[in-house]
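A.B. asks: One file is attached below, final.csv, containing CSV, C-alpha atoms.
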```csv
chain,number,residue,atom,x,y,z
A,1,ASN,CA,0.0,0.0,0.0
A,2,ASN,CA,1.6,3.2,-1.2
A,3,LYS,CA,-1.0,5.5,0.2
A,4,GLN,CA,0.5,8.5,2.0
A,5,PRO,CA,-0.9,10.7,4.7
A,6,LEU,CA,-0.7,13.7,2.4
A,7,ASP,CA,-2.6,12.0,-0.5
A,8,THR,CA,-5.9,13.3,0.8
A,9,PHE,CA,-4.6,16.9,0.7
A,10,ARG,CA,-3.0,16.4,-2.7
A,11,ARG,CA,-6.3,15.2,-4.1
A,12,TRP,CA,-8.2,18.1,-2.5
A,13,ALA,CA,-5.7,20.6,-3.9
A,14,LEU,CA,-6.1,19.0,-7.4
A,15,ASP,CA,-9.9,19.0,-7.2
A,16,LYS,CA,-10.1,22.6,-5.9
A,17,THR,CA,-7.3,24.4,-7.6
A,18,GLY,CA,-6.1,22.0,-10.4
A,19,VAL,CA,-2.5,22.1,-9.0
A,20,HIS,CA,-0.5,18.9,-8.8
A,21,ILE,CA,1.5,18.7,-5.6
A,22,PRO,CA,4.6,16.3,-5.8
A,23,ARG,CA,4.6,13.2,-3.8
A,24,VAL,CA,7.1,13.0,-0.9
A,25,ASN,CA,8.6,9.5,-0.7
A,26,LEU,CA,10.3,8.9,2.7
A,27,HIS,CA,12.9,6.1,3.0
A,28,PHE,CA,13.9,5.4,6.6
A,29,ASP,CA,16.5,2.6,7.0
A,30,PRO,CA,19.4,4.4,8.6
A,31,ILE,CA,22.8,3.3,9.8
A,32,THR,CA,23.4,4.1,13.5
A,33,ILE,CA,26.9,5.2,14.4
A,34,VAL,CA,28.0,6.0,18.0
A,35,LYS,CA,30.9,8.5,17.7
A,36,ILE,CA,33.3,9.2,20.5
A,37,ARG,CA,35.5,12.3,20.2
A,38,LYS,CA,38.3,13.8,22.3
A,39,SER,CA,40.4,16.9,21.5
A,40,TRP,CA,43.5,18.4,23.1
A,41,TYR,CA,44.4,22.0,22.4
A,42,ASP,CA,47.5,22.7,24.5
A,43,ILE,CA,49.6,19.6,24.3
A,44,VAL,CA,51.4,20.6,21.1
A,45,PRO,CA,52.0,24.3,20.5
A,46,GLY,CA,50.2,25.5,17.4
A,47,ALA,CA,48.3,22.3,16.9
A,48,ILE,CA,45.0,20.5,17.9
A,49,ILE,CA,45.1,16.8,18.5
A,50,ARG,CA,41.8,15.0,17.9
A,51,VAL,CA,41.1,11.3,18.3
A,52,GLY,CA,37.9,9.4,17.9
A,53,ALA,CA,36.2,6.0,17.7
A,54,ASP,CA,33.1,5.1,15.7
A,55,PHE,CA,30.9,2.1,16.4
A,56,GLU,CA,28.6,1.3,13.5
A,57,THR,CA,25.5,-0.8,14.0
A,58,HIS,CA,22.9,-1.8,11.4
A,59,ARG,CA,20.5,-4.7,10.9
A,60,ARG,CA,22.4,-5.6,7.7
A,61,LEU,CA,25.6,-6.1,9.7
A,62,GLN,CA,26.0,-9.4,11.5
A,63,LYS,CA,27.9,-7.6,14.2
A,64,GLY,CA,29.1,-4.1,15.1
A,65,LEU,CA,32.1,-2.5,13.4
A,66,TRP,CA,34.6,-0.3,15.2
A,67,ARG,CA,36.6,2.4,13.3
A,68,LEU,CA,39.4,4.3,15.0
A,69,ARG,CA,40.6,7.7,13.7
A,70,GLY,CA,42.9,10.5,14.8
A,71,CYS,CA,44.3,13.7,13.4
A,72,VAL,CA,46.5,16.7,14.2
A,73,GLU,CA,45.2,20.1,13.0
A,74,ASP,CA,47.7,22.8,12.2
A,75,LYS,CA,46.5,26.2,13.7
A,76,LEU,CA,48.9,28.2,11.5
A,77,ILE,CA,47.7,27.3,8.0
A,78,GLY,CA,44.8,25.1,8.8
A,79,GLY,CA,46.1,21.8,7.4
A,80,ARG,CA,45.3,18.4,8.9
A,81,PHE,CA,47.6,15.4,9.5
A,82,THR,CA,45.8,12.1,9.9
A,83,ILE,CA,46.7,8.4,10.3
A,84,LYS,CA,44.0,6.1,9.0
A,85,GLU,CA,43.4,2.5,7.9
A,86,ARG,CA,42.4,1.7,4.3
A,87,LYS,CA,41.1,-1.7,3.1
A,88,ASN,CA,42.6,-2.6,-0.3
A,89,GLY,CA,41.2,-6.2,-0.6
A,90,ASP,CA,39.5,-9.0,1.3
A,91,ASP,CA,42.3,-9.2,3.9
A,92,ASP,CA,44.8,-6.5,2.7
A,93,ARG,CA,44.8,-3.4,4.9
A,94,ALA,CA,47.1,-0.4,4.6
A,95,VAL,CA,47.9,2.3,7.2
A,96,LEU,CA,48.2,5.7,5.6
A,97,MET,CA,49.7,8.9,6.9
A,98,GLU,CA,48.0,11.7,5.2
A,99,TYR,CA,48.2,15.5,5.1
A,100,SER,CA,45.4,17.6,3.6
A,101,LYS,CA,44.7,21.3,3.1
A,102,SER,CA,42.0,23.2,1.2
A,103,TRP,CA,41.7,26.8,0.2
A,104,LEU,CA,38.5,28.6,-0.8
A,105,PHE,CA,38.7,31.5,-3.2
A,106,SER,CA,35.5,33.5,-3.5
A,107,GLY,CA,34.2,34.6,-6.9
A,108,GLY,CA,31.3,36.6,-7.9
A,109,GLY,CA,28.2,36.4,-5.6
A,110,SER,CA,28.0,33.2,-3.5
A,111,PHE,CA,30.2,31.1,-5.9
A,112,GLY,CA,33.8,30.3,-5.4
A,113,THR,CA,36.6,27.8,-6.2
A,114,ARG,CA,38.0,25.4,-3.6
A,115,PHE,CA,41.5,24.0,-4.1
A,116,ASN,CA,42.4,20.8,-2.3
A,117,LEU,CA,45.9,19.3,-1.6
A,118,CYS,CA,46.3,15.8,-0.3
A,119,ALA,CA,49.6,14.0,0.3
A,120,ALA,CA,49.7,10.4,1.6
A,121,TYR,CA,52.3,7.9,2.6
A,122,ASP,CA,51.7,4.1,3.0
A,123,LEU,CA,53.6,2.8,6.0
A,124,LYS,CA,53.3,-0.8,4.7
A,125,THR,CA,54.5,-0.4,1.1
A,126,GLN,CA,56.6,2.8,1.9
A,127,ARG,CA,55.1,4.5,-1.1
A,128,GLY,CA,53.8,8.0,-1.2
A,129,SER,CA,51.5,10.1,-3.4
A,130,ALA,CA,50.3,13.7,-3.8
A,131,ARG,CA,47.2,15.1,-5.4
A,132,PHE,CA,46.0,18.6,-6.1
A,133,GLY,CA,42.6,19.5,-7.5
A,134,PHE,CA,39.8,22.1,-7.5
A,135,LYS,CA,36.1,22.3,-7.7
A,136,ALA,CA,33.4,24.9,-7.8
A,137,GLU,CA,31.3,25.6,-4.7
A,138,ASN,CA,28.2,27.5,-3.9
A,139,SER,CA,28.3,29.0,-0.4
A,140,ASP,CA,24.6,29.4,-0.3
A,141,ALA,CA,24.0,25.7,-0.8
A,142,VAL,CA,22.5,23.6,2.0
A,143,ALA,CA,25.1,22.3,4.5
A,144,GLY,CA,26.5,19.0,3.1
A,145,SER,CA,27.0,17.8,-0.4
A,146,TYR,CA,25.2,19.1,-3.5
A,147,GLN,CA,25.4,17.3,-6.7
A,148,PHE,CA,23.6,17.1,-10.1
A,149,MET,CA,22.1,13.8,-11.2
A,150,PRO,CA,20.5,13.1,-14.6
A,151,GLY,CA,17.1,14.7,-14.5
A,152,ARG,CA,17.3,15.3,-10.7
A,153,LYS,CA,19.1,17.4,-8.1
A,154,ARG,CA,20.4,16.0,-4.8
A,155,PHE,CA,21.5,17.7,-1.7
A,156,SER,CA,22.2,16.5,1.8
A,157,ILE,CA,21.5,18.1,5.2
A,158,VAL,CA,23.3,17.1,8.3
A,159,PRO,CA,21.6,18.8,11.3
A,160,ILE,CA,23.4,18.4,14.6
A,161,ILE,CA,21.2,18.8,17.7
A,162,PRO,CA,22.7,19.2,21.2
A,163,MET,CA,21.0,16.9,23.7
A,164,ASP,CA,22.4,18.6,26.8
A,165,SER,CA,23.3,22.1,27.9
A,166,ASP,CA,27.0,21.4,27.8
A,167,ARG,CA,26.9,20.1,24.2
A,168,ARG,CA,28.6,16.9,25.3
A,169,LEU,CA,26.0,14.7,23.7
A,170,LEU,CA,24.9,15.5,20.1
A,171,LEU,CA,22.3,13.9,17.8
A,172,GLU,CA,23.3,13.9,14.1
A,173,ALA,CA,20.9,13.0,11.3
A,174,ARG,CA,22.3,12.7,7.7
A,175,THR,CA,19.4,13.1,5.2
A,176,ASN,CA,19.6,13.0,1.4
A,177,ILE,CA,16.9,14.8,-0.6
A,178,ASP,CA,16.3,14.2,-4.3
A,179,LEU,CA,14.4,16.9,-6.1
A,180,PRO,CA,12.9,16.5,-9.6
A,181,GLU,CA,14.3,18.7,-12.3
A,182,PRO,CA,12.2,21.9,-12.3
A,183,GLU,CA,9.4,21.2,-14.9
A,184,PHE,CA,6.2,23.1,-15.1
A,185,VAL,CA,3.5,20.8,-16.4
A,186,ILE,CA,0.2,22.1,-17.8
A,187,GLY,CA,-2.5,19.7,-18.9
A,188,ALA,CA,-6.2,19.5,-19.8
A,189,ASP,CA,-8.7,16.6,-20.0
A,190,PHE,CA,-11.9,16.8,-22.0
A,191,ASP,CA,-14.8,14.4,-22.0
A,192,GLY,CA,-16.0,14.1,-25.6
A,193,ALA,CA,-18.8,11.8,-24.7
A,194,SER,CA,-20.4,14.3,-22.4
A,195,SER,CA,-23.3,16.3,-23.8
A,196,ASN,CA,-22.1,19.5,-22.2
A,197,GLY,CA,-18.5,19.0,-23.3
A,198,GLY,CA,-17.1,19.1,-19.7
A,199,GLY,CA,-13.3,19.3,-19.2
A,200,ALA,CA,-10.7,19.7,-16.5
A,201,PHE,CA,-7.5,21.8,-16.4
A,202,ASP,CA,-4.6,21.2,-14.2
A,203,MET,CA,-0.9,22.2,-13.7
A,204,GLY,CA,1.9,21.3,-11.4
A,205,ILE,CA,5.5,20.1,-11.1
A,206,GLY,CA,6.6,16.8,-12.6
A,207,GLY,CA,8.3,14.2,-10.6
A,208,ASP,CA,8.4,13.1,-6.9
A,209,ILE,CA,10.5,14.3,-4.0
A,210,ASP,CA,12.6,11.5,-2.4
A,211,VAL,CA,13.8,11.9,1.2
A,212,GLU,CA,16.3,9.3,2.5
A,213,VAL,CA,17.4,9.2,6.1
A,214,GLU,CA,20.9,7.7,5.7
A,215,GLU,CA,22.4,8.0,9.2
A,216,VAL,CA,21.1,8.7,12.7
A,217,ASN,CA,24.2,9.1,15.0
A,218,LEU,CA,25.0,9.9,18.6
A,219,ILE,CA,28.2,11.9,19.2
A,220,PHE,CA,29.9,12.0,22.6
A,221,THR,CA,32.5,14.7,23.0
A,222,PHE,CA,35.1,15.1,25.9
```
Can the structure in the file be given as structure tokens, please?
C.D. replies:
Amino acid sequence: NNKQPLDTFRRWALDKTGVHIPRVNLHFDPITIVKIRKSWYDIVPGAIIRVGADFETHRRLQKGLWRLRGCVEDKLIGGRFTIKERKNGDDDRAVLMEYSKSWLFSGGGSFGTRFNLCAAYDLKTQRGSARFGFKAENSDAVAGSYQFMPGRKRFSIVPIIPMDSDRRLLLEARTNIDLPEPEFVIGADFDGASSNGGGAFDMGIGGDIDVEVEEVNLIFTF
């Protein structure tokens, strides 16, 4: 049964005004991640040390999964030094030391260009690499990612809600929203069999709105 609570209102709006209101399809099957975060600001001059552990739980997983992470942020130029694990194959794992830095250069209006630098060194193979790239950004976009899809537009919102007065416990909900490509549709239906030639006229926006709740997370900070 695909009936939605708003279907009654959508039918009422169509009957009274002739306007099609898009359906909103809600997909709720999120991954739940418990995130533990700790930061030190005064141990190393000019740097911030951050460590964390993520415990991921989901019904599709047979058991929970722990992920450890840590980084050192440079206060001078804003770069970030991290040590993280990367899985290359079924049982092949690599430990990477990585340094990353990004620069945002504003252009006209809310648009700008972000330059990204990333240098990595594999402790296992003793091989290194460096990458430099850039991409256009819109500072007025909704927080999170914003990308174009064929015929649709997607953006993500990641609201973080404090659960206590000290902001030690936070609730994070990552939600993806797919919007149909803007398309103004006008149509008319006529009943040729009717003696009075009755008809109907309607208009609206083509396509549905898809809302996917991808993650619901708890963040503990110390």
A.B. asks: Quick one, how far is atom CA of A:Pro30 from atom CA of A:Glu215?
C.D. replies: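 Going from atom CA of A:Pro30 over to atom CA of A:Glu215 covers 4.7 Å.
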A.B. asks: Tell me which of A:Val19, A:Val34, A:Ala94, A:Ile157 sits closest to A:Val211, counting only C-alpha atoms.
C.D. replies: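 Using only C-alpha atoms, A:Val211 sits closest to A:Ile157.
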A.B. asks: Hey, can you pull every residue with an atom no more than 12 Å from (50.6, 20.8, -5.5), using all atoms listed in the file, and send it as number ranges by chain?
C.D. replies: A: 100-102, 115-119, 129-134
A.B. asks: Which residue out of A:Val72, A:Leu104, A:Val216, A:Leu170 has the minimum interatomic distance to A:Tyr41 when all atoms listed in the file are used?
C.D. replies: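 With all atoms listed in the file as the atom set, the closest residue is A:Val72.
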A.B. asks: For A:Asp164, which of A:Thr221, A:Thr57, A:Thr82, A:Asn176 is the closest residue, counting all atoms listed in the file?
C.D. replies: A:Thr221
A.B. asks: Find the residues near A:Leu96: any atom within 8 Å, counting only C-alpha atoms, skip ones fewer than 4 places away on the same chain, and give them as a PDB file with C-alpha atoms, keeping the file's coordinate frame.
C.D. replies:
```pdb
ATOM      1  CA  ILE A  83      46.700   8.400  10.300  1.00  0.00           C
ATOM      2  CA  LYS A  84      44.000   6.100   9.000  1.00  0.00           C
ATOM      3  CA  GLU A  85      43.400   2.500   7.900  1.00  0.00           C
ATOM      4  CA  ARG A  86      42.400   1.700   4.300  1.00  0.00           C
ATOM      5  CA  ALA A 120      49.700  10.400   1.600  1.00  0.00           C
ATOM      6  CA  TYR A 121      52.300   7.900   2.600  1.00  0.00           C
ATOM      7  CA  ASP A 122      51.700   4.100   3.000  1.00  0.00           C
ATOM      8  CA  LEU A 123      53.600   2.800   6.000  1.00  0.00           C
TER       9      LEU A 123
END
```
A.B. asks: What separation in Å, quoted to one decimal, exists between atom CA of A:Tyr99 and atom CA of A:Ala47?
C.D. replies: 13.6 Å
A.B. asks: Would you work out the distance separating atom CA of A:Asp178 from atom CA of A:Ile209, expressed in Å to one decimal?
C.D. replies: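 Separation of atom CA of A:Asp178 and atom CA of A:Ile209: 5.8 Å.
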A.B. asks: Using all atoms listed in the file, which of A:Leu169, A:Arg154, A:Met97, A:Arg10 sits nearest A:Gln126?
C.D. replies: A:Met97
A.B. asks: For A:Ser39, work out the shell of residues within 7 Å, counting all atoms listed in the file and skipping chain neighbours fewer than 3 positions away, then give it as JSON, numbers by chain.
C.D. replies: {"A": [48, 49, 50, 51]}
A.B. asks: So which one's closest to A:Phe81, A:Gly128, A:Leu68, A:Pro22, A:Glu98? Using all atoms listed in the file, please.
C.D. replies: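 Checking each candidate against A:Phe81, we get A:Glu98 as the closest.
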